[in-house]
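Student: One structure, pasted below without further comment.
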Amino acid sequence: MAKQPTIYLALTDDWELRGDGSGDMDTIQLEPMRRLASIYEDNGARGSFFVEVMQQRTFRRFQSEHPELKALADRWESQVRDVYQRGHDIQLHIHPQWTRAEYRDGAWKLEGKWSLLDYSAEEADRLIQECKDFLEGVLQPIDPNYRCLAFRAGAWCVAPSPHILSQLQAAGIVLDASIVEGINIHTRNLQLNYANCEESFLPFYPNMQDARKVSSRKEEIICVPTCHFIEPKGFMLRRHMKMAWRLVRKRFDVRRKGTLQGANSVAAQPSEYREWEHVNSSIRSKIVHQLRPYLNEGTYQIGDLSALEYPWLRCMMKSIRKRARSSGLSEVPVILENHTKEIRSFKDIERFIKDCAQATDIQFITLTELALRLQNGQFKIQTATP
Ligand SMILES: [Zn+2]
């Protein structure tokens, strides 16, 4: 049997408020980031935080009229510096909906378009360059050698685009982590289809107009897909039964408390989740969407620590090991995702990180290390056969 390759795990995290600007920064950003960093440190790991820069720039823009925003922005900055100085990595994440923001009665109203793909070449170029300069401006005073080398687009929106990859490369980005197989989003703010990407696991040189495709030659920027796995049917059934149970309990609670509104109605959900409702999705189409994978091999899941319970995290690792083995390579980098704002169980994450730390075939890697090692040839980068 072939030797198990070494898996280099990059523990990434999209660090941000919710997509509509809602959420308490202390509760969903500052506190969970500190906790996560401690879990990593206790296990000899270092995380890589994709910090959302447009949010911070907007807080700074409004801070003279609203001193409470200045206080929060100062804490954002000092925590980013602190976490970096403790050995974790900080890289670039951009949500362009903050380009048109209003702040009233303590709440944000974000009117900018959500997808970077919906901006003109000039606008996208300016955004990327300014955000990258901003982030380097935060970290270079404490480390003149800090470089912004890795990028993940807000809501994964990087392809197809005739200009974004070249603009990232011109801004000094070496590695993009926005591609994740299986994503298919059709909301009122976002249209994105990453079903059938040509490379969904190994680092690759992208087609510069469409990162869902692999280039036949070496390019100046490298895509490393964010991990996905196929959730087996048994797990799917367990998840659906849990969902159904939660729904029944919610309905029971509603009846008991005498609330008129249906607990599972869209109106009962926080506004952020309504933003992620698929357009034209009737109850019937939602049920079909949930059931169809039973006829196929299973459901696509993003390797997102915040969304997966421990048994699912183990299942994901099993799938990663299998794909790493079948690649025939001796060293394979894998990018995991996390959303600090969504973490359900720190206990499950801690147990998973502990397992990884003890495994002889797993090493942790930061995005900066990954970018540099890709550049100097330690990891194989896929090209398409012309
Ligand atoms: Zn994000």
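By order of appearance in the structure tokens: chains A, B, ..., then residues from 1 within every chain, and ligands from 1 in the order shown.
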If we count only C-alpha atoms, what is near Met25 (chain A) at a cut-off of 10 Å, once residues fewer than 3 positions away on the same chain are taken out, given as an mmCIF file with N, CA and C atoms, in the first residue's frame?
Tutor:
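Output contents, as saved in around.cif:
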data_model
loop_
_atom_site.group_PDB
_atom_site.id
_atom_site.type_symbol
_atom_site.label_atom_id
_atom_site.label_comp_id
_atom_site.auth_asym_id
_atom_site.auth_seq_id
_atom_site.Cartn_x
_atom_site.Cartn_y
_atom_site.Cartn_z
ATOM 1 N N GLU A 16 -15.135 38.469 10.292
ATOM 2 C CA GLU A 16 -15.974 39.572 9.806
ATOM 3 C C GLU A 16 -17.285 39.636 10.581
ATOM 4 N N LEU A 17 -17.976 40.781 10.417
ATOM 5 C CA LEU A 17 -19.368 40.868 10.865
ATOM 6 C C LEU A 17 -20.223 40.132 9.836
ATOM 7 N N ARG A 18 -21.540 40.076 10.049
ATOM 8 C CA ARG A 18 -22.393 39.374 9.089
ATOM 9 C C ARG A 18 -22.457 40.159 7.772
ATOM 10 N N SER A 22 -24.632 43.374 10.245
ATOM 11 C CA SER A 22 -25.176 43.210 11.593
ATOM 12 C C SER A 22 -24.250 42.340 12.442
ATOM 13 N N ILE A 28 -19.158 38.198 18.091
ATOM 14 C CA ILE A 28 -18.951 37.313 16.936
ATOM 15 C C ILE A 28 -17.569 37.466 16.282
ATOM 16 N N GLN A 29 -16.770 38.424 16.763
ATOM 17 C CA GLN A 29 -15.418 38.535 16.192
ATOM 18 C C GLN A 29 -14.315 38.464 17.252
ATOM 19 N N LEU A 30 -14.305 39.453 18.151
ATOM 20 C CA LEU A 30 -13.146 39.587 19.038
ATOM 21 C C LEU A 30 -12.995 38.387 19.993
ATOM 22 N N GLU A 31 -14.088 38.083 20.686
ATOM 23 C CA GLU A 31 -14.017 37.005 21.677
ATOM 24 C C GLU A 31 -13.733 35.643 21.028
ATOM 25 N N PRO A 32 -14.527 35.243 19.991
ATOM 26 C CA PRO A 32 -14.251 33.923 19.397
ATOM 27 C C PRO A 32 -12.882 33.819 18.732
ATOM 28 N N LEU A 72 -14.326 50.639 18.602
ATOM 29 C CA LEU A 72 -14.357 49.271 18.062
ATOM 30 C C LEU A 72 -13.236 49.055 17.039
ATOM 31 N N ALA A 73 -13.060 50.049 16.152
ATOM 32 C CA ALA A 73 -12.011 49.914 15.125
ATOM 33 C C ALA A 73 -10.628 49.825 15.774
ATOM 34 N N ARG A 75 -9.985 48.532 18.674
ATOM 35 C CA ARG A 75 -9.846 47.181 19.253
ATOM 36 C C ARG A 75 -9.635 46.136 18.161
ATOM 37 N N TRP A 76 -10.318 46.309 17.028
ATOM 38 C CA TRP A 76 -10.118 45.420 15.862
ATOM 39 C C TRP A 76 -8.629 45.404 15.519
ATOM 40 N N LYS A 341 -17.725 33.986 13.205
ATOM 41 C CA LYS A 341 -19.054 34.496 13.593
ATOM 42 C C LYS A 341 -20.104 33.391 13.708
#
Student: Taking the backbone alone, and naming residues the way the document does, which bits of region 63-278 of chain A are strand (DSSP E or B) by DSSP, as a PyMOL selection string?
Tutor: chain A and resi 89-94+101-104+107-110+150-153+175-176+184-187+191-193+204+206-207+210-214+222-223+226+228-231+278
Student: Please produce a file of the residues just selected, as a compact mmCIF listing (two decimals), in the first residue's frame, where the atoms kept are C-alpha atoms.
Tutor:
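The resulting result.txt:
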# COMPACT_ATOMS: atom_id res chain seq x y z
CA ASP A 89 -1.19 34.70 9.99
CA ILE A 90 -3.35 37.59 8.78
CA GLN A 91 -4.43 37.76 5.14
CA LEU A 92 -6.89 39.61 2.93
CA HIS A 93 -10.66 39.21 2.66
CA ILE A 94 -12.92 41.76 0.92
CA ALA A 101 -22.61 52.12 3.72
CA GLU A 102 -24.88 54.16 5.94
CA TYR A 103 -24.84 54.13 9.73
CA ARG A 104 -28.05 55.07 11.53
CA ALA A 107 -27.03 49.87 12.67
CA TRP A 108 -25.41 49.52 9.27
CA LYS A 109 -27.21 49.63 5.99
CA LEU A 110 -24.98 48.25 3.25
CA ALA A 150 -3.14 35.43 0.15
CA PHE A 151 -6.68 36.38 -0.74
CA ARG A 152 -10.19 35.05 -0.39
CA ALA A 153 -13.05 36.91 -2.06
CA LEU A 175 -2.30 32.54 -3.55
CA ASP A 176 -6.06 32.69 -3.97
CA ASN A 184 -24.10 27.15 -6.33
CA ILE A 185 -25.53 30.42 -5.02
CA HIS A 186 -28.54 32.23 -6.45
CA THR A 187 -29.64 34.87 -3.99
CA GLN A 191 -24.96 34.57 -8.44
CA LEU A 192 -22.16 32.04 -8.32
CA ASN A 193 -21.70 28.58 -9.74
CA PHE A 204 -3.27 24.71 -9.63
CA PRO A 206 -5.82 29.00 -12.99
CA ASN A 207 -7.13 30.09 -16.33
CA ASP A 210 -11.93 31.80 -15.13
CA ALA A 211 -10.42 30.26 -12.00
CA ARG A 212 -12.83 27.33 -12.27
CA LYS A 213 -10.55 26.11 -15.05
CA VAL A 214 -6.92 25.01 -14.98
CA ILE A 222 -1.80 30.05 -7.78
CA CYS A 223 -5.22 28.82 -6.69
CA THR A 226 -10.74 25.45 -0.14
CA HIS A 228 -14.90 20.35 0.29
CA PHE A 229 -16.03 16.78 0.83
CA ILE A 230 -18.97 14.62 -0.05
CA GLU A 231 -21.13 13.94 2.97
CA HIS A 278 -32.21 31.42 -2.68
Student: Which polymer residues have any atom within 8 Å of an atom of region 122-135 of chain A, counting only C-alpha atoms, with same-chain residues fewer than 6 positions away left out, as a ChimeraX atom specification?
Tutor: /A:53-54,57,91-92,94,96,116,148,164,167-168,171
Student: Return the single residue from A:Met236, A:Ala71, A:Cys157, A:Val174 that is closest to ligand 1, with distances computed using only C-alpha atoms and all ligand atoms.
Tutor: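 Nearest to ligand 1: A:Cys157.
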Student: If you take only C-alpha atoms and all ligand atoms and a cut-off of 6 Å, which residues of chain A touch ligand 1, and what are their nearest atom pairs and distances in Å to one decimal, in chain and number order, as a Markdown table?
Tutor:
| residue | atom | partner | partner_atom_place_in_ligand_line | distance |
| --- | --- | --- | --- | --- |
| A:Asp14 | CA | ligand 1 | 1 (Zn) | 5.3 |
| A:Gly154 | CA | ligand 1 | 1 (Zn) | 4.4 |
| A:Ala155 | CA | ligand 1 | 1 (Zn) | 5.6 |
Student: Now that the selection is made, can you save its residues with N, CA and C atoms as a compact mmCIF listing (two decimals), in the first residue's frame?
Tutor:
# COMPACT_ATOMS: atom_id res chain seq x y z
N ASP A 14 -12.68 33.19 7.97
CA ASP A 14 -13.15 34.48 7.45
C ASP A 14 -13.65 35.28 8.64
N GLY A 154 -14.91 37.83 -0.81
CA GLY A 154 -16.15 37.77 -0.04
C GLY A 154 -17.16 36.92 -0.79
N ALA A 155 -17.81 36.00 -0.07
CA ALA A 155 -18.78 35.07 -0.66
C ALA A 155 -18.18 34.28 -1.83
Student: May I have the residues within 8 Å of Asn43 (chain A) as a list in words, using only C-alpha atoms and disregarding those fewer than 6 positions away in the same chain?
Tutor: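 The residues that qualify are Ile353, Lys354 and Ala357 of chain A.
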Student: If we count only C-alpha atoms and set the cut-off at 9 Å, which residues sit around region 331-335 of chain A, ignoring sequence neighbours fewer than 5 positions away in its own chain? Please answer as a CSV table (one decimal) with C-alpha atoms, in the first residue's frame.
Tutor:
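The resulting result05.csv:
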chain,number,residue,atom,x,y,z
A,5,PRO,CA,1.3,11.5,2.3
A,6,THR,CA,2.0,14.4,4.6
A,7,ILE,CA,-1.0,16.7,4.7
A,8,TYR,CA,-0.2,20.4,5.4
A,9,LEU,CA,-3.4,21.9,6.9
A,10,ALA,CA,-4.0,25.6,6.7
A,11,LEU,CA,-6.6,26.6,9.3
A,12,THR,CA,-8.2,29.6,7.7
A,177,ALA,CA,-8.3,30.5,-1.8
A,201,PHE,CA,-8.3,19.5,-4.4
A,202,LEU,CA,-4.7,20.3,-5.4
A,203,PRO,CA,-3.0,23.7,-6.0
A,224,VAL,CA,-5.5,26.5,-3.8
A,225,PRO,CA,-9.1,25.2,-3.5
A,226,THR,CA,-10.7,25.5,-0.1
A,227,CYS,CA,-11.6,22.0,1.1
A,303,GLY,CA,-14.7,22.0,5.0
A,320,ILE,CA,-8.9,14.4,2.6
A,324,ALA,CA,-4.2,12.9,-0.8
A,365,ILE,CA,0.9,25.5,7.9
A,367,LEU,CA,-1.0,30.8,4.4
A,370,LEU,CA,2.1,27.9,2.0
A,378,GLN,CA,7.9,22.4,-2.4
A,379,PHE,CA,4.3,21.6,-3.5
A,380,LYS,CA,3.3,20.4,-7.0
Student: Using only C-alpha atoms, determine which residues lie at most 12 Å from Leu308 (chain A), disregarding the query and same-chain residues fewer than 5 positions distant; provide the list as a list in words.
Tutor: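 The neighbour list is His228, Phe229, Glu231, Phe235, Arg239, Gln301, Ile302, Gly303, Leu313, Arg314, Cys315, Met316, Met317, Leu336, Glu337, Asn338, His339, Glu342, Ile343, Arg344, Ser345, Phe346, Lys347, Asp348, Ile349 and Phe352 of chain A.
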Student: Hey, what does DSSP flag as alpha helix (DSSP H) within region 3-180 of chain A? Can you give it to me as a PyMOL selection string?
Tutor: chain A and resi 25+31-42+53-62+67-85+121-139+164-170
Student: Check the smallest atom-to-atom distance from each of A:Leu69, A:Val138, A:Leu190, A:Ala170 to Gly19 (chain A) using only C-alpha atoms, then report the winner.
Tutor: A:Leu190
Student: Using Å and a single decimal, report how far CA of Glu297 (chain A) sits from CA of Asp361 (chain A).
Tutor: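 Pair CA of Asp361 (chain A) / CA of Glu297 (chain A) returns 27.5 Å.
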Student: A:Lys113, A:Lys218, A:Arg46, A:Lys233: which is nearest Gln97 (chain A), counting only C-alpha atoms?
Tutor: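 Answer, going by the shortest atom-to-atom distance: A:Lys113.
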